[in-house]
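Peer 1: Pasting run13.cif below, which is mmCIF, C-alpha atoms.
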```
data_my_file
loop_
_atom_site.label_atom_id
_atom_site.label_comp_id
_atom_site.auth_asym_id
_atom_site.auth_seq_id
_atom_site.Cartn_x
_atom_site.Cartn_y
_atom_site.Cartn_z
CA MET A 842 -16.93 -21.74 -13.24
CA ALA A 843 -15.23 -18.55 -12.02
CA TRP A 844 -16.77 -18.93 -8.57
CA LEU A 845 -15.78 -22.61 -8.52
CA GLY A 846 -12.19 -21.64 -9.22
CA ARG A 847 -12.24 -19.12 -6.37
CA TRP A 848 -13.61 -21.67 -3.93
CA ARG A 849 -10.90 -24.11 -4.95
CA ALA A 850 -8.31 -21.46 -4.13
CA LEU A 851 -9.57 -21.53 -0.53
CA VAL A 852 -8.91 -25.24 -0.06
CA PHE A 853 -5.23 -24.98 0.86
CA PRO A 854 -5.63 -22.06 3.33
CA MET A 855 -8.54 -23.84 5.01
CA LEU A 856 -6.46 -27.00 5.37
CA LEU A 857 -3.66 -25.00 6.98
CA LEU A 858 -6.10 -23.38 9.41
CA ALA A 859 -7.61 -26.77 10.26
CA ALA A 860 -4.13 -28.20 10.89
CA LEU A 861 -3.25 -25.25 13.13
CA GLU A 862 -6.53 -25.64 15.00
CA GLY A 863 -5.87 -29.31 15.61
CA TRP A 864 -2.25 -28.83 16.68
CA THR A 865 -2.97 -25.97 19.10
CA ARG A 866 -5.72 -28.00 20.77
CA THR A 867 -3.60 -31.15 21.15
CA ALA A 868 0.21 -31.16 21.11
CA GLY A 869 0.48 -27.37 21.14
CA ARG A 870 -2.00 -26.79 23.95
CA GLY A 871 -0.82 -24.00 26.26
CA SER A 872 1.56 -22.46 23.71
CA ASP A 873 2.53 -18.85 24.41
CA ALA A 874 3.16 -18.17 20.71
CA LEU A 875 0.23 -19.74 18.86
CA ALA A 876 -3.49 -20.02 19.47
CA PRO A 877 -6.35 -21.82 17.72
CA PRO A 878 -7.79 -19.90 14.78
CA THR A 879 -11.22 -20.10 16.41
CA ALA A 880 -9.81 -18.39 19.52
CA ALA A 881 -8.21 -15.71 17.32
CA LEU A 882 -11.57 -15.17 15.64
CA GLY A 883 -13.23 -14.79 19.02
CA ALA A 884 -10.56 -12.36 20.21
CA ILE A 885 -10.89 -10.11 17.15
CA ALA A 886 -14.68 -10.25 17.56
CA GLY A 887 -14.15 -8.94 21.09
CA ALA A 888 -12.01 -6.11 19.71
CA LEU A 889 -14.84 -5.30 17.32
CA ALA A 890 -17.34 -5.24 20.19
CA ASP A 891 -15.30 -2.87 22.37
CA GLY A 892 -14.54 -0.47 19.50
CA SER A 893 -10.76 -0.94 19.46
CA LEU A 894 -10.88 -2.68 16.08
CA ALA A 895 -12.63 0.23 14.38
CA SER A 896 -10.44 2.94 15.90
CA ALA A 897 -7.14 1.17 15.21
CA THR A 898 -8.18 0.28 11.66
CA ALA A 899 -9.32 3.82 10.95
CA PHE A 900 -6.01 5.28 12.17
CA THR A 901 -3.88 2.90 10.11
CA LEU A 902 -5.94 3.26 6.95
CA GLY A 903 -6.11 7.03 7.34
CA SER A 904 -2.34 7.29 7.77
CA ALA A 905 -1.73 4.98 4.82
CA ALA A 906 -4.18 6.89 2.59
CA LEU A 907 -2.76 10.31 3.44
CA GLY A 908 0.81 9.11 2.98
CA LEU A 909 -0.06 7.46 -0.32
CA ALA A 910 -1.83 10.59 -1.56
CA LEU A 911 1.10 12.81 -0.63
CA GLY A 912 3.71 10.44 -2.05
CA ALA A 913 1.69 9.91 -5.22
CA ALA A 914 1.19 13.64 -5.80
CA ILE A 915 4.89 14.38 -5.48
CA GLY A 916 6.01 11.22 -7.28
CA ILE A 917 3.68 11.58 -10.25
CA GLY A 918 4.48 15.27 -10.58
CA LEU A 919 8.24 14.74 -10.53
CA GLY A 920 8.01 11.59 -12.64
CA THR A 921 6.05 13.43 -15.31
CA LEU A 922 8.59 16.26 -15.34
CA LEU A 923 11.52 13.85 -15.60
CA GLY A 924 9.77 11.90 -18.34
CA LEU A 925 9.07 14.99 -20.42
CA SER A 926 12.46 16.67 -19.94
CA ARG A 927 15.69 14.81 -20.59
CA ARG A 928 17.64 17.65 -19.04
CA ALA A 929 15.65 17.39 -15.81
CA ALA A 930 16.13 13.62 -15.82
CA ARG A 931 19.91 14.03 -16.11
CA LEU A 932 20.04 16.65 -13.37
CA GLY A 933 17.89 14.64 -10.96
CA PHE A 934 19.39 11.21 -11.65
CA LEU A 935 22.07 11.28 -8.92
CA SER A 936 19.81 12.69 -6.21
CA ILE A 937 17.12 10.12 -6.93
CA GLU A 938 19.51 7.18 -7.01
CA VAL A 939 21.06 8.26 -3.69
CA ALA A 940 17.76 8.83 -1.85
CA ARG A 941 15.70 6.01 -3.33
CA PRO A 942 17.54 3.07 -1.67
CA ILE A 943 17.11 4.53 1.84
CA PRO A 944 14.66 2.27 3.72
CA ALA A 945 11.61 4.23 4.79
CA VAL A 946 11.72 2.78 8.30
CA ALA A 947 15.26 4.17 8.70
CA LEU A 948 13.62 7.61 8.82
CA ILE A 949 11.62 6.76 11.95
CA PRO A 950 14.14 8.39 14.36
CA LEU A 951 14.28 11.55 12.25
CA ALA A 952 10.50 11.70 11.83
CA MET A 953 10.04 11.26 15.59
CA LEU A 954 12.37 14.19 16.26
CA VAL A 955 10.58 16.40 13.74
CA PHE A 956 6.93 15.41 14.29
CA GLY A 957 6.85 13.40 17.51
CA PHE A 958 4.44 10.48 17.86
CA GLY A 959 1.18 10.48 15.97
CA LEU A 960 -0.34 10.91 12.55
CA ARG A 961 2.15 13.32 10.97
CA MET A 962 5.13 11.13 11.77
CA GLU A 963 3.53 8.06 10.22
CA VAL A 964 2.22 9.92 7.17
CA SER A 965 5.67 11.35 6.41
CA ILE A 966 7.30 7.91 6.41
CA VAL A 967 4.54 6.34 4.31
CA ALA A 968 4.81 9.22 1.82
CA PHE A 969 8.57 8.73 1.52
CA ALA A 970 8.11 5.01 0.88
CA CYS A 971 5.39 5.57 -1.77
CA LEU A 972 7.19 8.43 -3.49
CA TRP A 973 9.85 6.41 -5.29
CA PRO A 974 7.79 3.69 -7.01
CA MET A 975 5.25 6.32 -8.09
CA LEU A 976 8.04 8.53 -9.46
CA ILE A 977 9.82 5.76 -11.35
CA LEU A 978 6.64 4.30 -12.85
CA ALA A 979 5.24 7.73 -13.75
CA GLN A 980 8.48 8.60 -15.52
CA ALA A 981 8.35 5.29 -17.39
CA ALA A 982 4.69 5.89 -18.30
CA VAL A 983 5.54 9.28 -19.84
CA GLN A 984 8.46 7.83 -21.77
CA GLN A 985 6.20 5.11 -23.19
CA VAL A 986 3.68 7.59 -24.62
CA GLU A 987 3.37 7.12 -28.37
CA PRO A 988 5.92 9.52 -29.98
CA ARG A 989 3.46 10.35 -32.75
CA LEU A 990 1.10 11.84 -30.19
CA LEU A 991 3.84 14.18 -29.00
CA GLU A 992 4.60 15.12 -32.61
CA VAL A 993 0.94 16.01 -33.09
CA ALA A 994 1.10 18.17 -29.95
CA ARG A 995 4.11 20.04 -31.30
CA ALA A 996 2.47 20.45 -34.70
CA LEU A 997 -0.59 21.94 -33.01
CA GLN A 998 1.69 24.20 -30.96
CA LEU A 999 0.07 23.12 -27.69
CA THR A 1000 1.36 24.60 -24.46
CA SER A 1001 2.97 22.33 -21.85
CA VAL A 1002 -0.24 22.31 -19.80
CA GLN A 1003 -2.40 21.50 -22.82
CA ARG A 1004 0.01 18.78 -23.91
CA PHE A 1005 -0.22 17.15 -20.49
CA LEU A 1006 -4.00 17.50 -20.08
CA TRP A 1007 -4.97 16.39 -23.58
CA ILE A 1008 -2.28 13.91 -24.60
CA VAL A 1009 0.26 12.83 -22.01
CA GLY A 1010 -2.08 12.56 -19.02
CA PRO A 1011 -4.75 10.35 -20.64
CA ALA A 1012 -2.04 8.14 -22.17
CA MET A 1013 -0.44 7.68 -18.73
CA VAL A 1014 -3.61 6.70 -16.85
CA PRO A 1015 -3.68 2.93 -17.56
CA ARG A 1016 0.00 2.56 -16.69
CA LEU A 1017 -0.34 4.61 -13.53
CA PHE A 1018 -2.74 2.05 -12.09
CA VAL A 1019 0.19 -0.38 -11.84
CA ALA A 1020 1.93 2.24 -9.70
CA LEU A 1021 -1.26 2.74 -7.69
CA ARG A 1022 -1.60 -0.95 -6.84
CA LEU A 1023 2.05 -1.08 -5.82
CA GLY A 1024 1.73 2.10 -3.78
CA VAL A 1025 -1.36 0.86 -1.94
CA ALA A 1026 0.46 -2.28 -0.81
CA ILE A 1027 3.56 -0.34 0.24
CA ALA A 1028 1.49 2.23 2.15
CA LEU A 1029 -0.25 -0.40 4.27
CA VAL A 1030 2.94 -2.38 4.95
CA VAL A 1031 4.90 0.70 5.98
CA ALA A 1032 2.07 2.10 8.13
CA VAL A 1033 1.76 -1.13 10.11
CA THR A 1034 5.55 -1.42 10.40
CA VAL A 1035 5.85 2.10 11.80
CA GLU A 1036 3.14 1.33 14.35
CA ILE A 1037 4.90 -1.86 15.42
CA ALA A 1038 8.26 -0.13 15.73
CA ALA A 1039 7.48 3.30 17.14
CA ASN A 1040 4.01 4.82 16.84
CA PRO A 1041 1.61 3.98 19.69
CA HIS A 1042 -1.47 3.98 17.47
CA GLY A 1043 -3.16 1.76 14.89
CA MET A 1044 -3.30 -1.92 14.07
CA GLY A 1045 0.44 -2.53 14.34
CA TYR A 1046 0.52 -1.12 17.87
CA ALA A 1047 -2.53 -3.19 18.86
CA MET A 1048 -0.72 -6.29 17.63
CA MET A 1049 2.36 -5.41 19.69
CA ILE A 1050 0.28 -4.81 22.83
CA ALA A 1051 -1.34 -8.24 22.39
CA GLN A 1052 2.09 -9.85 22.01
CA GLN A 1053 3.49 -8.09 25.08
CA SER A 1054 0.39 -9.11 27.05
CA LEU A 1055 1.05 -12.77 26.13
CA ASP A 1056 -2.27 -12.97 24.32
CA PRO A 1057 -1.48 -14.99 21.19
CA ALA A 1058 -5.14 -15.33 20.23
CA LEU A 1059 -5.61 -11.57 19.98
CA MET A 1060 -2.23 -11.12 18.31
CA LEU A 1061 -3.09 -13.67 15.62
CA GLY A 1062 -6.54 -12.14 15.31
CA TRP A 1063 -4.99 -8.75 14.51
CA LEU A 1064 -2.57 -10.41 12.10
CA GLY A 1065 -5.42 -12.06 10.22
CA TRP A 1066 -7.38 -8.80 10.20
CA VAL A 1067 -4.44 -6.91 8.68
CA GLY A 1068 -4.21 -9.59 5.97
CA MET A 1069 -7.92 -9.28 5.20
CA ILE A 1070 -7.66 -5.49 5.00
CA GLY A 1071 -4.72 -5.77 2.61
CA TYR A 1072 -6.57 -8.26 0.41
CA ALA A 1073 -9.67 -6.04 0.28
CA ILE A 1074 -7.67 -2.94 -0.62
CA ASN A 1075 -5.80 -4.74 -3.40
CA ALA A 1076 -9.03 -6.19 -4.76
CA GLY A 1077 -10.58 -2.73 -4.78
CA ALA A 1078 -7.60 -1.23 -6.60
CA LEU A 1079 -7.69 -4.03 -9.17
CA ALA A 1080 -11.43 -3.56 -9.75
CA LEU A 1081 -10.90 0.17 -10.22
CA GLN A 1082 -8.08 -0.49 -12.68
CA ARG A 1083 -10.26 -2.81 -14.74
CA ALA A 1084 -13.17 -0.38 -14.72
CA VAL A 1085 -10.99 2.48 -15.97
CA ALA A 1086 -9.38 0.22 -18.57
CA ARG A 1087 -12.80 -0.82 -19.90
CA ARG A 1088 -13.91 2.79 -20.04
CA MET A 1089 -10.80 3.71 -22.01
CA GLY A 1090 -11.23 0.76 -24.38
CA GLU A 1091 -8.27 -1.24 -23.12
CA VAL A 1092 -7.99 -4.73 -21.67
CA ALA A 1093 -6.75 -4.78 -18.08
CA PRO A 1094 -4.49 -7.64 -16.92
#
```
So that I can check it, write out the structure of this file as structure tokens.
Peer 2:
Amino acid sequence: MAWLGRWRALVFPMLLLAALEGWTRTAGRGSDALAPPTAALGAIAGALADGSLASATAFTLGSAALGLALGAAIGIGLGTLLGLSRRAARLGFLSIEVARPIPAVALIPLAMLVFGFGLRMEVSIVAFACLWPMLILAQAAVQQVEPRLLEVARALQLTSVQRFLWIVGPAMVPRLFVALRLGVAIALVVAVTVEIAANPHGMGYAMMIAQQSLDPALMLGWLGWVGMIGYAINAGALALQRAVARRMGEVAP
């Protein structure tokens, strides 16, 4: 029954693709903006054959992963500190609320001046984008730790490191997976956006080259590939969340 439900979910997307295929081969023949889905599939298969698909995908995913790791490390560390210390939360409130609304892509000119084109520029922007949701959700996860557990830690006279490793950290883990899933999506979106706007590498840049070359089939092929990559990454993060939740005796959403 579960598999039947999943196949039913494909009905509407398949109908849309069939409608697009029919329109582009009849009334929309010769369009410079759209191409048949079968032509897009053939174009992305060609990119796979010549190696451009693998290299562009590896660059984008590598940049997104490094940026997410850096942003998560800083965000979780600061979020934990702010959640454990009310004084730190008060002192950092203004700085966080001023910096957090800045769009990550607005830092592209600054990052280009500092790092130039390439991996470091893209990683820095992805890290900035991932930092804030990880920080906010980590702080909320610490604040939602059962107060009785913290009372036990004080009664046992645990050090700050012991309190985090034995009580706060394990209690945060299930909630942090919500931040992880959000961060994964943000990392991919920002990485592709940076490549479209400024960085001559990766899947976003390949999509822009196809558009500038008036090759709608290849452009739509890259667009579909980015969507498939995003779906696979989210599915992997969700599976990992459920596995950890089962191991910890909780029920994942």
Peer 1: What is the CA of Ala888 in chain A to CA of Gly908 in chain A distance in Å?
Peer 2: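 Result for CA of Ala888 in chain A versus CA of Gly908 in chain A: 26.0 Å, one decimal.
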Peer 1: Quick check on the file I pasted: which residues fall under the PyMOL selection byres ((chain A and resi 924) around 7)? Write them as a short mmCIF file (atom, residue, chain, number, x, y, z; two decimals) with C-alpha atoms, keeping the file's coordinate frame.
Peer 2:
```
data_model
loop_
_atom_site.label_atom_id
_atom_site.label_comp_id
_atom_site.auth_asym_id
_atom_site.auth_seq_id
_atom_site.Cartn_x
_atom_site.Cartn_y
_atom_site.Cartn_z
CA GLY A 920 8.01 11.59 -12.64
CA THR A 921 6.05 13.43 -15.31
CA LEU A 922 8.59 16.26 -15.34
CA LEU A 923 11.52 13.85 -15.60
CA LEU A 925 9.07 14.99 -20.42
CA SER A 926 12.46 16.67 -19.94
CA ARG A 927 15.69 14.81 -20.59
CA GLN A 980 8.48 8.60 -15.52
CA ALA A 981 8.35 5.29 -17.39
CA VAL A 983 5.54 9.28 -19.84
CA GLN A 984 8.46 7.83 -21.77
#
```
Peer 1: Go through the shown structure with the PyMOL selection byres ((chain A and resi 1037) around 12) and write out the matching residues as a PyMOL selection string.
Peer 2: chain A and resi 901+946+949+963+1030-1036+1038-1053+1064
Peer 1: Just give me the gap between CA of Gly883 in chain A and CA of Ser904 in chain A in Å, one decimal is fine.
Peer 2: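 CA of Ser904 in chain A lies at a distance of 27.1 Å from CA of Gly883 in chain A.
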Peer 1: Give me the residues within 12 Å of Ala905 in chain A as a ChimeraX atom specification, counting only C-alpha atoms and dropping any in the same chain fewer than 3 places off.
Peer 2: /A:898-902,908-913,960-971,1024-1036,1043-1044,1071,1074
Peer 1: So how far away is CA of Gly916 in chain A from CA of Leu1017 in chain A, in Å?
Peer 2: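 Separation of CA of Leu1017 in chain A and CA of Gly916 in chain A: 11.1 Å.
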Peer 1: List, as a compact mmCIF listing (two decimals) with C-alpha atoms, keeping the file's coordinate frame, every residue that the PyMOL selection byres ((chain A and resi 881) around 9) selects in the file provided.
Peer 2:
```txt
# COMPACT_ATOMS: atom_id res chain seq x y z
CA ALA A 876 -3.49 -20.02 19.47
CA PRO A 877 -6.35 -21.82 17.72
CA PRO A 878 -7.79 -19.90 14.78
CA THR A 879 -11.22 -20.10 16.41
CA ALA A 880 -9.81 -18.39 19.52
CA LEU A 882 -11.57 -15.17 15.64
CA GLY A 883 -13.23 -14.79 19.02
CA ALA A 884 -10.56 -12.36 20.21
CA ILE A 885 -10.89 -10.11 17.15
CA ALA A 886 -14.68 -10.25 17.56
CA PRO A 1057 -1.48 -14.99 21.19
CA ALA A 1058 -5.14 -15.33 20.23
CA LEU A 1059 -5.61 -11.57 19.98
CA MET A 1060 -2.23 -11.12 18.31
CA LEU A 1061 -3.09 -13.67 15.62
CA GLY A 1062 -6.54 -12.14 15.31
CA TRP A 1063 -4.99 -8.75 14.51
CA GLY A 1065 -5.42 -12.06 10.22
```
Peer 1: Would you mind listing what lies within 12 Å of Trp1007 in chain A as a list in words, with only C-alpha atoms counted and same-chain residues fewer than 4 positions away left out?
Peer 2: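 Once the adjacent positions are removed, what remains is Leu990, Leu991, Val993, Ala994, Leu997, Leu999, Thr1000, Ser1001, Val1002, Gln1003, Pro1011, Ala1012, Met1013 and Val1014 of chain A.
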Peer 1: Can you pull out every residue within 8 Å of range 1018-1022 of chain A, counting only C-alpha atoms, but drop anything in the same chain fewer than 2 positions away, and send it as a list of chain:residue names?
Peer 2: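 The residues satisfying every condition are A:Pro974, A:Met975, A:Leu978, A:Ala979, A:Val1014, A:Pro1015, A:Arg1016, A:Gly1024, A:Val1025, A:Ala1026, A:Asn1075, A:Ala1078, A:Leu1079, A:Gln1082.
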Peer 1: Which is closest to Leu875 in chain A among A:Arg989, A:Gly957, A:Gly892, A:Leu1055, if we use all atoms listed in the file?
Peer 2: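 Distance minimum relative to Leu875 in chain A lands on A:Leu1055.
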Peer 1: Which polymer residues, whether protein, DNA or RNA, lie within 12 Å of the coordinate (16.4, 10.6, -4.3) when you count only C-alpha atoms? List them as a list in words, using the chain letters and numbers from the file.
Peer 2: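 With a cut-off of 12 Å, the residues come to Gly916, Leu919, Gly920, Ala930, Leu932, Gly933, Phe934, Leu935, Ser936, Ile937, Glu938, Val939, Ala940, Arg941, Pro942, Ile943, Pro944, Phe969, Ala970, Leu972, Trp973, Pro974, Leu976 and Ile977 of chain A.
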Peer 1: Could I see range 1034-1059 of chain A restored to N, CA and C atoms, set down as a PDB file, in the coordinates of the input?
Peer 2:
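And here's rebuild.pdb as it stands now:
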```
ATOM      1  N   THR A1034       4.185  -1.282   9.894  1.00  0.00           N
ATOM      2  CA  THR A1034       5.550  -1.420  10.400  1.00  0.00           C
ATOM      3  C   THR A1034       5.921  -0.279  11.327  1.00  0.00           C
ATOM      4  N   VAL A1035       5.565   0.940  10.944  1.00  0.00           N
ATOM      5  CA  VAL A1035       5.850   2.100  11.800  1.00  0.00           C
ATOM      6  C   VAL A1035       5.130   1.972  13.139  1.00  0.00           C
ATOM      7  N   GLU A1036       3.907   1.492  13.108  1.00  0.00           N
ATOM      8  CA  GLU A1036       3.140   1.330  14.350  1.00  0.00           C
ATOM      9  C   GLU A1036       3.735   0.243  15.236  1.00  0.00           C
ATOM     10  N   ILE A1037       4.248  -0.807  14.630  1.00  0.00           N
ATOM     11  CA  ILE A1037       4.900  -1.860  15.420  1.00  0.00           C
ATOM     12  C   ILE A1037       6.189  -1.348  16.038  1.00  0.00           C
ATOM     13  N   ALA A1038       6.936  -0.555  15.277  1.00  0.00           N
ATOM     14  CA  ALA A1038       8.260  -0.130  15.730  1.00  0.00           C
ATOM     15  C   ALA A1038       8.231   1.070  16.656  1.00  0.00           C
ATOM     16  N   ALA A1039       7.333   2.032  16.418  1.00  0.00           N
ATOM     17  CA  ALA A1039       7.480   3.300  17.140  1.00  0.00           C
ATOM     18  C   ALA A1039       6.182   4.001  17.490  1.00  0.00           C
ATOM     19  N   ASN A1040       5.176   3.960  16.641  1.00  0.00           N
ATOM     20  CA  ASN A1040       4.010   4.820  16.840  1.00  0.00           C
ATOM     21  C   ASN A1040       2.938   4.117  17.671  1.00  0.00           C
ATOM     22  N   PRO A1041       2.578   4.658  18.818  1.00  0.00           N
ATOM     23  CA  PRO A1041       1.610   3.980  19.690  1.00  0.00           C
ATOM     24  C   PRO A1041       0.158   4.176  19.242  1.00  0.00           C
ATOM     25  N   HIS A1042      -0.116   3.863  18.006  1.00  0.00           N
ATOM     26  CA  HIS A1042      -1.470   3.980  17.470  1.00  0.00           C
ATOM     27  C   HIS A1042      -1.629   2.910  16.394  1.00  0.00           C
ATOM     28  N   GLY A1043      -2.877   2.583  16.060  1.00  0.00           N
ATOM     29  CA  GLY A1043      -3.160   1.760  14.890  1.00  0.00           C
ATOM     30  C   GLY A1043      -3.085   0.263  15.121  1.00  0.00           C
ATOM     31  N   MET A1044      -3.236  -0.467  14.014  1.00  0.00           N
ATOM     32  CA  MET A1044      -3.300  -1.920  14.070  1.00  0.00           C
ATOM     33  C   MET A1044      -1.969  -2.543  14.461  1.00  0.00           C
ATOM     34  N   GLY A1045      -0.868  -1.984  13.986  1.00  0.00           N
ATOM     35  CA  GLY A1045       0.440  -2.530  14.340  1.00  0.00           C
ATOM     36  C   GLY A1045       0.695  -2.421  15.831  1.00  0.00           C
ATOM     37  N   TYR A1046       0.330  -1.294  16.432  1.00  0.00           N
ATOM     38  CA  TYR A1046       0.520  -1.120  17.870  1.00  0.00           C
ATOM     39  C   TYR A1046      -0.383  -2.071  18.654  1.00  0.00           C
ATOM     40  N   ALA A1047      -1.622  -2.249  18.195  1.00  0.00           N
ATOM     41  CA  ALA A1047      -2.530  -3.190  18.860  1.00  0.00           C
ATOM     42  C   ALA A1047      -1.967  -4.601  18.833  1.00  0.00           C
ATOM     43  N   MET A1048      -1.340  -4.971  17.728  1.00  0.00           N
ATOM     44  CA  MET A1048      -0.720  -6.290  17.630  1.00  0.00           C
ATOM     45  C   MET A1048       0.433  -6.434  18.623  1.00  0.00           C
ATOM     46  N   MET A1049       1.241  -5.368  18.750  1.00  0.00           N
ATOM     47  CA  MET A1049       2.360  -5.410  19.690  1.00  0.00           C
ATOM     48  C   MET A1049       1.874  -5.483  21.136  1.00  0.00           C
ATOM     49  N   ILE A1050       0.823  -4.761  21.474  1.00  0.00           N
ATOM     50  CA  ILE A1050       0.280  -4.810  22.830  1.00  0.00           C
ATOM     51  C   ILE A1050      -0.216  -6.226  23.146  1.00  0.00           C
ATOM     52  N   ALA A1051      -0.875  -6.869  22.181  1.00  0.00           N
ATOM     53  CA  ALA A1051      -1.340  -8.240  22.390  1.00  0.00           C
ATOM     54  C   ALA A1051      -0.166  -9.180  22.606  1.00  0.00           C
ATOM     55  N   GLN A1052       0.906  -8.998  21.849  1.00  0.00           N
ATOM     56  CA  GLN A1052       2.090  -9.850  22.010  1.00  0.00           C
ATOM     57  C   GLN A1052       2.744  -9.639  23.371  1.00  0.00           C
ATOM     58  N   GLN A1053       2.866  -8.381  23.792  1.00  0.00           N
ATOM     59  CA  GLN A1053       3.490  -8.090  25.080  1.00  0.00           C
ATOM     60  C   GLN A1053       2.613  -8.527  26.252  1.00  0.00           C
ATOM     61  N   SER A1054       1.316  -8.640  26.015  1.00  0.00           N
ATOM     62  CA  SER A1054       0.390  -9.110  27.050  1.00  0.00           C
ATOM     63  C   SER A1054       0.274 -10.623  27.064  1.00  0.00           C
ATOM     64  N   LEU A1055       1.080 -11.297  26.240  1.00  0.00           N
ATOM     65  CA  LEU A1055       1.050 -12.770  26.130  1.00  0.00           C
ATOM     66  C   LEU A1055      -0.349 -13.259  25.788  1.00  0.00           C
ATOM     67  N   ASP A1056      -0.942 -12.592  24.798  1.00  0.00           N
ATOM     68  CA  ASP A1056      -2.270 -12.970  24.320  1.00  0.00           C
ATOM     69  C   ASP A1056      -2.162 -13.364  22.845  1.00  0.00           C
ATOM     70  N   PRO A1057      -1.694 -14.603  22.582  1.00  0.00           N
ATOM     71  CA  PRO A1057      -1.480 -14.990  21.190  1.00  0.00           C
ATOM     72  C   PRO A1057      -2.756 -15.022  20.360  1.00  0.00           C
ATOM     73  N   ALA A1058      -3.886 -15.298  20.988  1.00  0.00           N
ATOM     74  CA  ALA A1058      -5.140 -15.330  20.230  1.00  0.00           C
ATOM     75  C   ALA A1058      -5.452 -13.957  19.650  1.00  0.00           C
ATOM     76  N   LEU A1059      -5.334 -12.922  20.466  1.00  0.00           N
ATOM     77  CA  LEU A1059      -5.610 -11.570  19.980  1.00  0.00           C
ATOM     78  C   LEU A1059      -4.545 -11.119  18.987  1.00  0.00           C
TER      79      LEU A1059
END
```
